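Chemist: Sending over protein-v3.txt (compact mmCIF, C-alpha atoms).
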```txt
# COMPACT_ATOMS: atom_id res chain seq x y z
CA MET A 2 -89.18 -23.83 -148.38
CA PRO A 3 -86.27 -26.15 -147.77
CA ARG A 4 -83.51 -24.80 -145.52
CA SER A 5 -80.97 -24.93 -148.32
CA ALA A 6 -83.14 -23.09 -150.83
CA TYR A 7 -82.73 -19.38 -151.55
CA SER A 8 -85.11 -16.81 -152.94
CA PRO A 9 -84.40 -13.13 -153.74
CA GLY A 10 -86.60 -11.78 -150.98
CA SER A 11 -85.25 -14.01 -148.21
CA LYS A 12 -82.57 -13.04 -145.67
CA LEU A 13 -79.58 -15.25 -145.10
CA ASN A 14 -78.40 -16.22 -141.69
CA PRO A 15 -74.65 -15.35 -141.35
CA ALA A 16 -74.19 -18.74 -139.80
CA ASP A 17 -75.32 -20.36 -143.05
CA ASP A 18 -72.89 -21.63 -145.59
CA TYR A 19 -70.73 -18.69 -146.90
CA SER A 20 -70.94 -20.01 -150.44
CA LYS A 21 -74.70 -19.17 -150.50
CA MET A 22 -73.90 -15.51 -149.72
CA ARG A 23 -71.11 -15.00 -152.30
CA ARG A 24 -71.65 -12.70 -155.27
CA ILE A 25 -70.22 -14.38 -158.31
CA ILE A 26 -68.16 -11.55 -159.88
CA ALA A 27 -65.01 -13.32 -161.03
CA GLU A 28 -62.89 -16.23 -160.04
CA ASP A 29 -59.62 -14.23 -160.46
CA PRO A 30 -58.38 -13.56 -156.89
CA ASN A 31 -56.45 -10.49 -158.13
CA TRP A 32 -59.51 -8.88 -159.67
CA SER A 33 -60.70 -5.67 -158.06
CA LEU A 34 -63.27 -2.98 -158.55
CA ALA A 35 -60.58 -0.34 -159.05
CA ILE A 36 -61.04 1.90 -162.08
CA VAL A 37 -59.03 0.81 -165.10
CA ALA A 38 -55.94 3.03 -165.69
CA SER A 39 -56.53 5.94 -168.02
CA LEU A 40 -55.07 5.85 -171.50
CA SER A 41 -52.69 8.70 -170.68
CA ASN A 42 -51.29 6.77 -167.70
CA LEU A 43 -50.85 3.69 -169.85
CA CYS A 44 -48.93 5.80 -172.36
CA LEU A 45 -46.70 7.25 -169.63
CA GLN A 46 -45.99 3.77 -168.31
CA SER A 47 -45.03 2.73 -171.83
CA ILE A 48 -42.63 5.68 -172.05
CA VAL A 49 -41.01 4.61 -168.77
CA LYS A 50 -40.69 1.01 -169.94
CA ASN A 51 -39.12 1.89 -173.31
CA PHE A 52 -37.20 5.01 -172.30
CA GLU A 53 -33.74 3.63 -173.06
CA LYS A 54 -34.75 2.72 -176.62
CA LYS A 55 -36.94 5.75 -177.27
CA PRO A 56 -36.00 8.52 -174.80
CA THR A 57 -38.40 11.42 -175.07
CA PHE A 58 -40.25 14.05 -173.05
CA GLU A 59 -41.83 15.65 -176.09
CA ASP A 60 -45.28 17.20 -175.54
CA LEU A 61 -45.40 16.12 -171.87
CA THR A 62 -46.69 18.47 -169.20
CA ALA A 63 -44.68 19.19 -166.05
CA ILE A 64 -46.85 16.77 -164.05
CA GLN A 65 -46.42 14.04 -166.65
CA LYS A 66 -42.63 14.58 -166.70
CA ASP A 67 -42.54 14.17 -162.91
CA PHE A 68 -44.60 10.98 -163.26
CA VAL A 69 -42.01 9.56 -165.67
CA GLN A 70 -38.97 10.71 -163.64
CA GLU A 71 -40.34 9.12 -160.49
CA ARG A 72 -40.51 5.75 -162.23
CA LEU A 73 -37.46 5.69 -164.51
CA SER A 74 -34.70 3.26 -163.60
CA THR A 75 -31.69 4.97 -162.02
CA SER A 76 -29.44 2.50 -163.85
CA LEU A 77 -30.19 4.00 -167.27
CA PRO A 78 -27.01 4.88 -169.23
CA LEU A 79 -25.82 8.46 -168.69
CA ARG A 80 -25.55 8.92 -172.45
CA VAL A 81 -29.35 8.66 -172.46
CA THR A 82 -30.22 10.72 -169.39
CA ALA A 83 -27.47 13.36 -169.00
CA ASN A 84 -28.60 15.95 -171.52
CA LEU A 85 -32.26 14.97 -171.65
CA ILE A 86 -33.52 14.79 -168.08
CA SER A 87 -33.49 18.16 -166.35
CA ASP A 88 -32.65 18.76 -162.70
CA GLY A 89 -35.27 17.30 -160.41
CA VAL A 90 -36.66 14.16 -158.85
CA TYR A 91 -34.81 11.71 -161.13
CA TRP A 92 -31.35 13.03 -160.18
CA LYS A 93 -32.39 13.17 -156.54
CA ARG A 94 -33.21 9.47 -156.72
CA CYS A 95 -29.86 8.77 -158.42
CA CYS A 96 -27.94 10.59 -155.68
CA GLU A 97 -29.78 9.05 -152.76
CA GLN A 98 -29.42 5.56 -154.17
CA ARG A 99 -25.66 5.94 -154.65
CA TRP A 100 -24.54 7.93 -151.60
CA ASP A 101 -25.71 7.87 -148.00
CA LEU A 102 -25.10 11.58 -147.42
CA CYS A 103 -26.56 13.92 -150.01
CA ASP A 104 -26.61 17.55 -148.88
CA VAL A 105 -27.85 19.35 -151.97
CA SER A 106 -27.27 22.77 -150.36
CA HIS A 107 -23.54 22.30 -151.02
CA TYR A 108 -24.26 22.10 -154.73
CA GLY A 109 -26.38 25.17 -155.30
CA HIS A 110 -29.48 23.11 -154.47
CA SER A 111 -29.02 21.19 -157.73
CA TRP A 112 -29.34 17.40 -157.60
CA LYS A 113 -28.03 17.05 -161.12
CA ARG A 114 -24.93 19.08 -160.36
CA GLN A 115 -24.31 17.02 -157.23
CA PHE A 116 -24.57 13.77 -159.15
CA PHE A 117 -22.18 14.73 -161.95
CA GLU A 118 -19.61 16.40 -159.70
CA ARG A 119 -19.43 13.42 -157.35
CA HIS A 120 -19.49 10.94 -160.22
CA LEU A 121 -16.56 12.65 -161.96
CA GLU A 122 -14.66 12.96 -158.67
CA ASN A 123 -15.06 9.23 -158.15
CA ILE A 124 -13.69 8.46 -161.63
CA ILE A 125 -10.63 10.66 -161.04
CA GLU A 126 -9.95 9.33 -157.54
CA LEU A 127 -9.99 5.73 -158.77
CA PHE A 128 -7.99 6.45 -161.92
CA ILE A 129 -4.80 4.36 -162.09
CA PRO A 130 -2.20 5.59 -164.61
CA ASP A 131 -1.35 3.04 -167.31
CA VAL A 132 -4.29 0.89 -166.18
CA THR A 133 -7.42 3.03 -166.45
CA GLU A 134 -8.01 4.23 -169.99
CA THR A 135 -8.22 8.00 -170.46
CA LYS A 136 -11.32 7.57 -172.61
CA THR A 137 -13.14 6.62 -169.39
CA VAL A 138 -12.72 10.22 -168.29
CA LEU A 139 -13.03 11.88 -171.68
CA ALA A 140 -16.30 10.07 -172.42
CA MET A 141 -17.82 11.85 -169.42
CA VAL A 142 -16.92 15.36 -170.61
CA PRO A 143 -19.79 15.91 -173.09
CA LEU A 144 -22.21 14.60 -170.48
CA CYS A 145 -21.09 16.60 -167.43
CA ARG A 146 -19.29 19.76 -168.53
CA ASN A 147 -22.43 21.90 -168.29
CA TYR A 148 -23.06 20.90 -164.68
CA VAL A 149 -19.63 20.60 -162.99
CA LYS A 150 -18.68 23.77 -161.12
CA ARG A 151 -16.51 22.30 -158.38
CA LEU A 152 -14.22 19.29 -158.04
CA ASP A 153 -13.03 18.10 -154.63
CA ILE A 154 -10.39 15.42 -155.27
CA SER A 155 -9.44 13.73 -151.98
CA GLN A 156 -6.96 11.19 -153.40
CA LEU A 157 -4.89 10.48 -156.51
CA LEU A 158 -3.62 6.99 -157.12
CA PRO A 159 -0.08 6.31 -158.38
CA PRO A 160 0.63 3.79 -161.14
CA VAL A 161 0.99 0.14 -160.25
CA LYS A 162 4.67 -0.68 -160.52
CA GLU A 163 5.87 -4.23 -160.47
CA PRO A 164 9.24 -4.83 -158.80
CA GLN A 165 12.05 -5.68 -161.20
CA GLU A 166 14.25 -8.57 -160.33
CA GLU A 167 17.97 -8.02 -160.76
CA GLU A 168 20.41 -10.83 -160.34
CA VAL A 169 23.64 -9.87 -158.62
CA GLU A 170 26.32 -12.49 -158.11
CA TYR A 171 28.62 -12.30 -155.12
CA GLY A 172 31.26 -15.01 -155.33
CA SER A 173 29.38 -18.27 -155.40
CA GLU A 174 26.12 -16.77 -154.11
CA LEU A 175 23.28 -15.45 -156.26
CA THR A 176 21.02 -12.80 -154.75
CA ILE A 177 17.91 -11.14 -156.14
CA ASP A 178 17.31 -7.47 -155.46
CA ASN A 179 13.89 -5.94 -155.97
CA GLU A 180 13.99 -2.34 -157.16
CA TYR A 181 11.37 0.01 -158.46
CA ASP A 182 11.93 1.61 -161.83
CA GLY A 183 12.44 5.35 -161.32
CA PRO A 184 11.93 7.55 -158.25
CA SER A 185 8.89 9.53 -159.41
CA MET A 186 5.24 8.48 -159.35
CA ASP A 187 2.84 10.08 -161.79
CA HIS A 188 -0.84 10.58 -161.12
CA PHE A 189 -3.94 11.56 -163.07
CA ASP A 190 -3.12 14.08 -165.81
CA PHE A 191 -5.43 17.07 -165.32
CA ASN A 192 -4.19 18.55 -168.56
CA ILE A 193 -6.57 16.27 -170.48
CA LEU A 194 -9.61 17.49 -168.56
CA LEU A 195 -9.66 20.98 -167.06
CA ASN A 196 -9.78 22.98 -170.28
CA LYS A 197 -12.87 21.00 -171.31
CA LEU A 198 -14.84 21.78 -168.14
CA THR A 199 -16.14 25.14 -169.27
CA ASN A 200 -18.04 25.92 -166.04
CA LEU A 201 -15.45 24.79 -163.48
CA GLU A 202 -14.97 27.43 -160.77
CA GLU A 203 -13.40 25.55 -157.85
CA LEU A 204 -10.68 22.89 -157.68
CA HIS A 205 -9.79 21.31 -154.34
CA LEU A 206 -6.91 18.91 -154.74
CA VAL A 207 -4.60 16.81 -152.57
CA TYR A 208 -1.95 14.34 -153.72
CA ARG A 209 -2.33 11.38 -151.40
CA VAL A 210 -3.63 7.83 -151.18
CA LYS A 211 -6.36 7.09 -148.66
CA GLN A 212 -6.40 3.84 -146.72
CA CYS A 213 -3.01 2.70 -148.02
CA GLY A 214 -2.50 0.52 -144.94
CA MET A 215 0.75 -1.45 -144.83
CA ASN A 216 1.64 -0.28 -148.34
CA PHE A 217 2.48 3.20 -147.03
CA GLU A 218 5.26 5.13 -148.78
CA TRP A 219 5.98 8.85 -148.58
CA LYS A 220 5.86 9.01 -152.37
CA MET A 221 2.15 8.35 -152.18
CA PHE A 222 1.69 11.74 -150.52
CA GLU A 223 3.51 14.12 -152.81
CA MET A 224 3.28 15.71 -156.22
CA THR A 225 6.01 14.77 -158.69
CA ASN A 226 7.68 17.31 -160.96
CA ARG A 227 5.87 15.81 -163.93
CA ASP A 228 2.56 16.14 -162.07
CA CYS A 229 3.40 19.76 -161.35
CA GLU A 230 4.14 20.65 -164.98
CA SER A 231 0.97 18.94 -166.15
CA LEU A 232 -1.23 20.55 -163.50
CA ALA A 233 0.27 23.99 -164.12
CA ARG A 234 -0.58 23.85 -167.83
CA ALA A 235 -4.07 22.61 -166.98
CA LEU A 236 -4.67 25.48 -164.54
CA LYS A 237 -3.58 28.03 -167.11
CA SER A 238 -6.02 26.60 -169.65
CA CYS A 239 -8.97 26.70 -167.22
CA LYS A 240 -10.04 30.30 -167.67
CA THR A 241 -13.13 30.03 -165.45
CA LEU A 242 -11.32 28.87 -162.29
CA LYS A 243 -11.97 31.13 -159.29
CA LEU A 244 -10.66 29.02 -156.39
CA LEU A 245 -7.63 26.72 -156.24
CA ARG A 246 -6.90 24.73 -153.10
CA LEU A 247 -3.80 22.53 -153.37
CA HIS A 248 -2.87 21.41 -149.87
CA GLN A 249 -1.04 18.61 -148.02
CA SER A 250 0.89 17.66 -151.15
CA HIS A 251 4.54 18.33 -150.18
CA ILE A 252 4.81 21.23 -152.63
CA GLU A 253 8.34 22.64 -152.53
CA ASP A 254 9.76 25.94 -153.79
CA GLN A 255 10.47 24.85 -157.36
CA GLN A 256 7.03 23.34 -157.80
CA CYS A 257 5.41 26.43 -156.29
CA ARG A 258 7.29 28.61 -158.76
CA VAL A 259 6.15 26.49 -161.70
CA LEU A 260 2.52 26.68 -160.59
CA VAL A 261 2.67 30.42 -159.97
CA LYS A 262 4.32 31.03 -163.36
CA HIS A 263 1.27 29.57 -165.08
CA LEU A 264 -1.17 31.44 -162.82
CA LEU A 265 0.22 34.90 -163.58
CA ASP A 266 -2.42 37.16 -165.13
CA HIS A 267 -5.11 34.52 -164.70
CA PRO A 268 -8.39 36.21 -165.64
CA SER A 269 -10.67 34.81 -162.93
CA LEU A 270 -8.63 33.37 -160.01
CA ARG A 271 -9.76 34.99 -156.76
CA GLU A 272 -8.72 32.55 -154.02
CA LEU A 273 -5.49 30.56 -153.66
CA ASN A 274 -4.80 28.04 -150.90
CA PHE A 275 -1.34 26.42 -150.72
CA SER A 276 -1.58 25.54 -147.02
CA HIS A 277 0.18 22.60 -145.33
CA ASN A 278 3.02 22.24 -147.83
CA LEU A 279 6.80 22.78 -147.87
CA ILE A 280 6.97 26.20 -149.53
CA GLY A 281 9.96 28.30 -148.51
CA ASP A 282 11.26 31.78 -149.28
CA LYS A 283 11.79 31.23 -153.02
CA GLY A 284 8.21 30.06 -153.35
CA ALA A 285 7.06 33.03 -151.26
CA ARG A 286 8.85 35.41 -153.62
CA ALA A 287 6.96 33.85 -156.52
CA ILE A 288 3.69 34.26 -154.66
CA GLY A 289 4.58 37.91 -154.02
CA LYS A 290 4.93 38.38 -157.75
CA LEU A 291 1.55 36.71 -158.28
CA LEU A 292 -0.12 39.18 -155.89
CA ASN A 293 0.60 42.04 -158.27
CA ARG A 294 -0.16 40.09 -161.43
CA SER A 295 -3.55 38.69 -160.50
CA LYS A 296 -6.83 39.68 -158.89
CA LEU A 297 -6.45 37.50 -155.81
CA GLU A 298 -8.74 38.35 -152.91
CA ILE A 299 -7.91 35.49 -150.53
CA LEU A 300 -4.43 33.97 -150.01
CA ASN A 301 -3.78 31.11 -147.58
CA ILE A 302 -0.18 29.88 -147.30
CA SER A 303 -0.34 28.71 -143.70
CA ASP A 304 1.81 25.88 -142.34
CA ASN A 305 4.77 26.19 -144.72
CA ASN A 306 8.48 27.00 -144.30
CA ILE A 307 8.39 30.72 -145.04
CA THR A 308 10.84 32.85 -143.03
CA GLY A 309 11.48 36.59 -142.78
CA LEU A 310 12.99 36.82 -146.27
CA GLY A 311 9.91 35.32 -147.89
CA ALA A 312 7.63 37.49 -145.75
CA LYS A 313 9.48 40.59 -146.95
CA ALA A 314 8.72 39.67 -150.56
CA ILE A 315 5.04 39.21 -149.72
CA ALA A 316 5.03 42.45 -147.72
CA ASN A 317 6.54 44.36 -150.64
CA ALA A 318 3.77 43.09 -152.91
CA LEU A 319 1.15 43.80 -150.23
CA SER A 320 2.17 47.45 -150.01
CA LYS A 321 1.25 47.88 -153.70
CA ASN A 322 -1.71 45.52 -153.84
CA SER A 323 -5.27 46.74 -154.35
CA THR A 324 -7.34 43.52 -154.36
CA LEU A 325 -6.26 41.20 -151.52
CA LEU A 326 -8.80 41.04 -148.68
CA SER A 327 -7.48 38.14 -146.60
CA LEU A 328 -3.92 36.94 -145.87
CA ASN A 329 -3.22 33.82 -143.78
CA LEU A 330 0.44 33.21 -142.83
CA ARG A 331 -0.03 31.24 -139.62
CA LEU A 332 2.33 28.39 -138.71
CA ASN A 333 5.33 29.72 -140.63
CA ARG A 334 8.67 31.07 -139.37
CA LEU A 335 8.37 34.78 -140.06
CA ARG A 336 9.81 35.99 -136.75
CA ASP A 337 10.11 39.73 -136.23
CA GLU A 338 11.93 40.27 -139.51
CA GLY A 339 8.85 39.15 -141.39
CA GLY A 340 6.27 40.44 -138.91
CA GLU A 341 7.64 43.98 -138.95
CA ALA A 342 7.75 43.91 -142.76
CA ILE A 343 4.07 42.96 -142.91
CA GLY A 344 3.23 45.72 -140.43
CA LYS A 345 5.12 48.32 -142.43
CA ALA A 346 3.38 47.21 -145.65
CA LEU A 347 -0.05 47.66 -144.07
CA LEU A 348 0.69 51.34 -143.41
CA SER A 349 0.27 51.90 -147.13
CA ASN A 350 -2.42 49.28 -147.74
CA ASN A 351 -6.07 50.29 -147.36
CA VAL A 352 -7.67 47.11 -148.74
CA LEU A 353 -6.73 44.12 -146.53
CA ARG A 354 -9.44 43.14 -144.04
CA HIS A 355 -8.20 39.92 -142.44
CA LEU A 356 -4.65 39.10 -141.26
CA HIS A 357 -3.50 35.88 -139.54
CA LEU A 358 0.06 35.76 -138.15
CA GLY A 359 -0.51 33.13 -135.47
CA ALA A 360 2.34 30.84 -134.39
CA ASN A 361 5.17 32.65 -136.21
CA ASP A 362 7.63 33.32 -133.37
CA VAL A 363 6.96 37.06 -133.57
CA THR A 364 7.55 39.11 -130.43
CA THR A 365 7.29 42.66 -129.13
CA PRO A 366 8.76 44.48 -132.19
CA THR A 367 6.07 42.98 -134.42
CA ALA A 368 3.34 43.94 -131.93
CA ILE A 369 4.65 47.53 -131.90
CA ALA A 370 4.76 47.61 -135.74
CA LEU A 371 1.18 46.37 -135.95
CA SER A 372 0.01 48.80 -133.27
CA LYS A 373 1.03 51.63 -135.62
CA VAL A 374 -1.24 50.05 -138.23
CA LEU A 375 -4.16 49.88 -135.80
CA PHE A 376 -3.77 53.58 -135.05
CA GLN A 377 -4.42 54.70 -138.62
CA ASN A 378 -5.88 51.75 -140.58
CA ILE A 379 -9.67 51.77 -140.87
CA THR A 380 -10.17 48.84 -143.26
CA LEU A 381 -8.64 45.98 -141.22
CA ARG A 382 -11.45 43.99 -139.58
CA SER A 383 -9.69 41.02 -137.95
CA ILE A 384 -6.18 40.26 -136.78
CA ASN A 385 -4.85 37.05 -135.23
CA LEU A 386 -1.55 37.08 -133.32
CA SER A 387 -2.18 34.02 -131.16
CA CYS A 388 0.58 31.63 -130.06
CA ASN A 389 3.34 34.26 -130.23
CA ASN A 390 5.41 35.76 -127.42
CA LEU A 391 4.32 39.40 -127.65
CA GLY A 392 5.12 40.08 -124.01
CA ALA A 393 3.96 42.84 -121.68
CA ASP A 394 5.33 45.69 -123.80
CA GLY A 395 3.72 44.30 -126.95
CA GLY A 396 0.40 44.00 -125.16
CA LYS A 397 0.66 47.55 -123.88
CA ALA A 398 1.35 48.87 -127.39
CA LEU A 399 -1.64 46.99 -128.79
CA GLU A 400 -3.88 48.26 -125.98
CA GLU A 401 -2.91 51.86 -126.69
CA ALA A 402 -3.53 51.40 -130.42
CA MET A 403 -6.89 49.70 -129.90
CA SER A 404 -8.09 52.58 -127.75
CA HIS A 405 -8.11 54.64 -130.97
CA ASN A 406 -9.47 51.93 -133.27
CA SER A 407 -13.11 51.55 -134.29
CA SER A 408 -12.85 49.03 -137.14
CA ILE A 409 -11.37 45.85 -135.58
CA THR A 410 -14.17 43.38 -134.75
CA GLU A 411 -11.94 40.32 -134.18
CA CYS A 412 -8.63 40.28 -132.34
CA ASP A 413 -7.13 36.98 -131.16
CA ILE A 414 -4.17 37.35 -128.80
CA HIS A 415 -4.49 34.21 -126.69
CA LEU A 416 -1.24 32.45 -125.66
CA THR A 417 0.87 35.56 -126.30
CA GLU A 418 2.18 36.32 -122.78
CA VAL A 419 0.16 39.56 -122.80
CA ASP A 420 -0.99 40.80 -119.39
CA GLU A 421 -4.59 39.94 -118.59
CA LYS A 422 -5.60 43.54 -118.04
CA HIS A 423 -4.43 44.44 -121.56
CA VAL A 424 -6.29 41.44 -122.96
CA ALA A 425 -9.47 42.46 -121.13
CA PHE A 426 -9.25 46.04 -122.43
CA ILE A 427 -8.67 44.91 -126.02
CA ASN A 428 -11.57 42.45 -125.84
CA GLN A 429 -13.84 45.22 -124.56
CA VAL A 430 -12.88 47.47 -127.47
CA VAL A 431 -13.54 44.65 -129.93
CA TRP A 432 -16.94 44.02 -128.35
CA ASN A 433 -17.81 47.74 -128.59
CA ASN A 434 -16.78 47.78 -132.26
CA GLN A 435 -18.96 44.75 -132.94
CA LYS A 436 -21.97 46.41 -131.31
CA ALA A 437 -21.41 49.63 -133.22
CA LYS A 438 -21.23 47.70 -136.48
CA GLU A 439 -24.46 45.84 -135.72
CA GLN A 440 -26.23 49.12 -134.99
CA LYS A 441 -25.05 50.66 -138.26
CA ARG A 442 -26.19 47.70 -140.36
CA PRO A 443 -30.01 48.29 -140.11
CA ALA A 444 -29.50 51.97 -140.95
CA GLN A 445 -27.39 51.09 -143.99
CA GLU A 446 -29.93 48.50 -145.16
CA SER A 447 -32.76 51.02 -144.76
CA LYS A 448 -30.80 53.62 -146.72
CA THR A 449 -30.07 51.13 -149.51
CA LYS A 450 -33.73 50.10 -149.65
CA THR A 451 -34.81 53.76 -149.87
CA CYS A 452 -32.38 54.44 -152.71
CA SER A 453 -33.64 51.39 -154.59
CA THR A 454 -37.23 52.57 -154.18
CA LEU A 455 -36.39 56.05 -155.50
CA GLN A 456 -34.64 54.57 -158.52
```
Go ahead and render the structure in this file as structure tokens.
Modeler:
Amino acid sequence: MPRSAYSPGSKLNPADDYSKMRRIIAEDPNWSLAIVASLSNLCLQSIVKNFEKKPTFEDLTAIQKDFVQERLSTSLPLRVTANLISDGVYWKRCCEQRWDLCDVSHYGHSWKRQFFERHLENIIELFIPDVTETKTVLAMVPLCRNYVKRLDISQLLPPVKEPQEEEVEYGSELTIDNEYDGPSMDHFDFNILLNKLTNLEELHLVYRVKQCGMNFEWKMFEMTNRDCESLARALKSCKTLKLLRLHQSHIEDQQCRVLVKHLLDHPSLRELNFSHNLIGDKGARAIGKLLNRSKLEILNISDNNITGLGAKAIANALSKNSTLLSLNLRLNRLRDEGGEAIGKALLSNNVLRHLHLGANDVTTPTAIALSKVLFQNITLRSINLSCNNLGADGGKALEEAMSHNSSITECDIHLTEVDEKHVAFINQVVWNNQKAKEQKRPAQESKTKTCSTLQ
């Protein structure tokens, strides 16, 4: 047999020409022996390809829905996907493609909620009055209102105002002065939105412009009176709101009073944070009125301009209040006039658990007033008097009171000029109270579990 011939029973030498060994299956280099896709997979791929024109999940199993969601384009219009695609892998892909940091635990472990909250926040933060059309925001409402529970607005842009040129003639000279029209700067109008977000529970808001650079003006960091009126009406209309945090926005007394007026008798508000503003005694009096015409549980008005007069108004309300659990007044100017008033109010209050009076220029009289509270109050859990000049006598009074107290598990008295031996004794009592509380907890849990079993 010739060397180049081939018969079925013969063995080829690997060194021979490769073409004599080749099985002629197909000349298509992309051909493979893989099994042809099933008809169901081909149908699912067709659904993915034509989803924008014919969006449907009808009659699909959970596995098939996941197959489609894993392959859908994240650039599909929200009008198509918002109310059709449920929470899951598709919205996870949308979030991770758009933002580098996506901690879903901050959004109730819902990717869909995270996407719509952050998307709406972005629209509001980039909204420019008189430039951005309001329909841009309103068009989102039907798509996101079922999923938005919290809004954290970190900036609000003012309108773009062109300088007006005025010609003023001085003798033979002609000068041009550039002036801006009007002193106030309006921002996004929340009145067009909040009453439409039927599941909104938290609103975190600050009036400022981020990264303003050389264009800095103080007006970029404050709420105007028109903003205040608009926001106040919006807050009143949002019946589901539980938490309002409006900080670092230069809120003054009059604006505080307008906001509080619209928050009176609010059906669901439980936490109010007006920290880092310019609220004085008139604003504090309004807040005192709110305490007895609301169901507030947490109030934070730290870093404002409240003095003893304002603290007295809050103390008066506190003595009659039955819902407030936490009061933060740090970084104000209460002095002993306000500190003693708060202490006196707590003698008749058996609800408050957390009190912060740090950095308020209070001294020994306030420490003595609060020591009377610690003698008899069994509901207060934490007290912060740091950065005040309580002195040796104040420390001694607190030490004596703490020797009879079994409820305080946090007591901060650093930088108060209190003698170290008093500080050490108080810290020991606090530590003992913490241990006693930890030992009681398993017994209480076991008792609760037993009661549940019996029921």
Chemist: What does the distance between atom CA of A:Arg94 and atom CA of A:Glu203 come to in Å, to one decimal place?
Modeler: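 Spanning atom CA of A:Arg94 to atom CA of A:Glu203 is a straight-line distance of 25.5 Å.
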Chemist: With distances taken over all atoms listed in the file, which residue among A:Asn84, A:Ser76, A:Thr225, A:Asn196 lies nearest A:Pro56?
Modeler: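 Counting all atoms listed in the file, the residue closest to A:Pro56 is A:Asn84.
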Chemist: With a distance cut-off of 8 Å and only C-alpha atoms, select the neighbouring residues of stretch 204-211 of chain A, excluding the residue or stretch itself and same-chain residues fewer than 3 positions from it, and output the selection as a count of residues only.
Modeler: 21
Chemist: In Å, rounded to a single decimal, give me how far atom CA of A:Gln65 is from atom CA of A:Cys96.
Modeler: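 Computed distance, atom CA of A:Cys96 to atom CA of A:Gln65, equals 21.8 Å.
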Chemist: List as an mmCIF file with C-alpha atoms, in the coordinates of the input the protein and nucleic acid residues near stretch 254-270 of chain A, meaning an atom at most 9 Å away when all atoms listed in the file are counted, but skip any in the same chain fewer than 5 places from it.
Modeler:
```cif
data_model
loop_
_atom_site.group_PDB
_atom_site.id
_atom_site.type_symbol
_atom_site.label_atom_id
_atom_site.label_comp_id
_atom_site.auth_asym_id
_atom_site.auth_seq_id
_atom_site.Cartn_x
_atom_site.Cartn_y
_atom_site.Cartn_z
ATOM 1 C CA GLU A 202 -14.970 27.430 -160.770
ATOM 2 C CA MET A 224 3.280 15.710 -156.220
ATOM 3 C CA THR A 225 6.010 14.770 -158.690
ATOM 4 C CA ASN A 226 7.680 17.310 -160.960
ATOM 5 C CA CYS A 229 3.400 19.760 -161.350
ATOM 6 C CA GLU A 230 4.140 20.650 -164.980
ATOM 7 C CA LEU A 232 -1.230 20.550 -163.500
ATOM 8 C CA ALA A 233 0.270 23.990 -164.120
ATOM 9 C CA ARG A 234 -0.580 23.850 -167.830
ATOM 10 C CA ALA A 235 -4.070 22.610 -166.980
ATOM 11 C CA LEU A 236 -4.670 25.480 -164.540
ATOM 12 C CA LYS A 237 -3.580 28.030 -167.110
ATOM 13 C CA LYS A 240 -10.040 30.300 -167.670
ATOM 14 C CA THR A 241 -13.130 30.030 -165.450
ATOM 15 C CA LEU A 242 -11.320 28.870 -162.290
ATOM 16 C CA LYS A 243 -11.970 31.130 -159.290
ATOM 17 C CA LEU A 244 -10.660 29.020 -156.390
ATOM 18 C CA LEU A 245 -7.630 26.720 -156.240
ATOM 19 C CA PHE A 275 -1.340 26.420 -150.720
ATOM 20 C CA LEU A 279 6.800 22.780 -147.870
ATOM 21 C CA ILE A 280 6.970 26.200 -149.530
ATOM 22 C CA GLY A 281 9.960 28.300 -148.510
ATOM 23 C CA ASP A 282 11.260 31.780 -149.280
ATOM 24 C CA LYS A 283 11.790 31.230 -153.020
ATOM 25 C CA GLY A 284 8.210 30.060 -153.350
ATOM 26 C CA ALA A 285 7.060 33.030 -151.260
ATOM 27 C CA ARG A 286 8.850 35.410 -153.620
ATOM 28 C CA ALA A 287 6.960 33.850 -156.520
ATOM 29 C CA ILE A 288 3.690 34.260 -154.660
ATOM 30 C CA LYS A 290 4.930 38.380 -157.750
ATOM 31 C CA LEU A 291 1.550 36.710 -158.280
ATOM 32 C CA LEU A 292 -0.120 39.180 -155.890
ATOM 33 C CA ASN A 293 0.600 42.040 -158.270
ATOM 34 C CA ARG A 294 -0.160 40.090 -161.430
ATOM 35 C CA SER A 295 -3.550 38.690 -160.500
ATOM 36 C CA LYS A 296 -6.830 39.680 -158.890
ATOM 37 C CA LEU A 297 -6.450 37.500 -155.810
ATOM 38 C CA GLU A 298 -8.740 38.350 -152.910
#
```
Chemist: Suppose you want the space between atom CA of A:Asn147 and atom CA of A:Gln115; what is it in Å?
Modeler: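 Separation of atom CA of A:Asn147 and atom CA of A:Gln115: 12.2 Å.
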Chemist: Got a sec: who's within 8 Å of A:His188, counting only C-alpha atoms, leaving out chain neighbours fewer than 5 positions off, as a count of residues only?
Modeler: 7
Chemist: Fewer than 4 positions away in the same chain doesn't count, so skip those; otherwise give me all residues within 10 Å of stretch 428-441 of chain A, counting all atoms listed in the file, as a compact mmCIF listing (two decimals) with C-alpha atoms, in the coordinates of the input.
Modeler:
```txt
# COMPACT_ATOMS: atom_id res chain seq x y z
CA ARG A 382 -11.45 43.99 -139.58
CA SER A 383 -9.69 41.02 -137.95
CA GLU A 400 -3.88 48.26 -125.98
CA MET A 403 -6.89 49.70 -129.90
CA SER A 404 -8.09 52.58 -127.75
CA HIS A 405 -8.11 54.64 -130.97
CA ASN A 406 -9.47 51.93 -133.27
CA SER A 407 -13.11 51.55 -134.29
CA SER A 408 -12.85 49.03 -137.14
CA ILE A 409 -11.37 45.85 -135.58
CA THR A 410 -14.17 43.38 -134.75
CA GLU A 411 -11.94 40.32 -134.18
CA CYS A 412 -8.63 40.28 -132.34
CA ASP A 413 -7.13 36.98 -131.16
CA ILE A 414 -4.17 37.35 -128.80
CA LYS A 422 -5.60 43.54 -118.04
CA HIS A 423 -4.43 44.44 -121.56
CA VAL A 424 -6.29 41.44 -122.96
CA GLN A 445 -27.39 51.09 -143.99
CA GLU A 446 -29.93 48.50 -145.16
```
